[in-house]
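Novice: Before we start, here is the structure in question, set down as structure tokens.
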Amino acid sequence: MLPLLFSQIAVAQSTQSITNPTSVLSIFLSLLVVVGVIFALAYVMRRFNVTAMGGNQMKVAASMVVGTKEKIMVIQVGEEQHLIGVTSHNISHLSKLDKNLDVPVKGVNKTTGEQQNGADAFKQKLVAAMAEKLNPNMEKNKTKEESRDA
């Protein structure tokens, strides 16, 4: 008789907990927290490029699109550079380059050659773009001066 009484109380509590507004709110908030943690981890992984932890042994030096799903890429492995063709179904090694392409180093100022962080590089690009936007003749004058110097 006693177990029967406890089973009825348990059934009454379980049905009552689902219809209780505070328990529904608690379940909903828990779900939101879990989804929020998933999105936060995805953002952190994308922001800090967690998937590219290879010691920078291999990187793309140059890339050119030749079709809707086709690319030609130059990859650098150590000190060697290789030309590869990439399609949606295949990657083909085309040749090894005899002379390496010049790859701009990230974070190095082209004019001074000194190290700079990403914010400084972005700042310089923004200033240059805004200068050209405010003074469109600047680019034309620059090319005229270069042609006179040559």
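Ordered as shown in the structure tokens, chains take letters A, B, and onward, while each chain numbers its residues from 1 and ligands are numbered from 1 in the order shown.
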I want to know what sits within 8 Å of Val77 of chain A, based on only C-alpha atoms, with residues of the same chain fewer than 6 positions away left out; could you give that as a count of residues only?

Specialist: 3

Novice: Tell me which protein, DNA and RNA residues are within 9 Å of Lys69 of chain A, counting only C-alpha atoms, leaving out same-chain ones fewer than 2 positions away, and put them as a ChimeraX atom specification.

Specialist: /A:65-67,71,86-88

Novice: What would the file look like if the residues just selected were written as a short mmCIF file (atom, residue, chain, number, x, y, z; two decimals), in the first residue's frame with C-alpha atoms?

Specialist:
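See again-v7.cif below for the written result:
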data_model
loop_
_atom_site.label_atom_id
_atom_site.label_comp_id
_atom_site.auth_asym_id
_atom_site.auth_seq_id
_atom_site.Cartn_x
_atom_site.Cartn_y
_atom_site.Cartn_z
CA VAL A 65 39.94 31.75 -59.60
CA VAL A 66 39.74 30.25 -63.10
CA GLY A 67 36.14 29.04 -63.11
CA LYS A 71 41.19 27.61 -58.64
CA VAL A 86 41.82 22.76 -57.16
CA THR A 87 38.35 21.74 -58.33
CA SER A 88 35.29 20.66 -56.40
#

Novice: Nearest to Leu94 of chain A among A:Thr68, A:Ser23, A:Ser30, A:Gln81, with distances taken over only C-alpha atoms: which residue is it?

Specialist: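 Going through A:Thr68, A:Ser23, A:Ser30, A:Gln81 one by one, the smallest distance to Leu94 of chain A is for A:Gln81.
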
Novice: If I take atom CA of Gln124 of chain A and atom CA of Arg47 of chain A, how far is one from the other in Å, to one decimal?

Specialist: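 Atom CA of Gln124 of chain A sits 21.6 Å away from atom CA of Arg47 of chain A.
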
Novice: Quick one, how far is atom CA of Phe48 of chain A from atom CA of Phe122 of chain A?

Specialist: 17.3 Å

Novice: Rounded to one decimal, what separation in Å do you get between atom CA of Ala61 of chain A and atom CA of Asp98 of chain A?

Specialist: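 Rounded to one decimal, the two atoms are 14.6 Å apart.
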
Novice: Contacts of Gly85 of chain A at 10 Å or less, counting only C-alpha atoms, minus same-chain residues fewer than 5 places along, as a VMD selection string?

Specialist: chain A and resid 63 to 64 66 70 to 74 90 to 95

Novice: Quick one: of A:Ile84, A:Val35, A:His89, A:Gly78, who's nearest to Ala62 of chain A, counting only C-alpha atoms?

Specialist: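 Nearest to Ala62 of chain A: A:Ile84.
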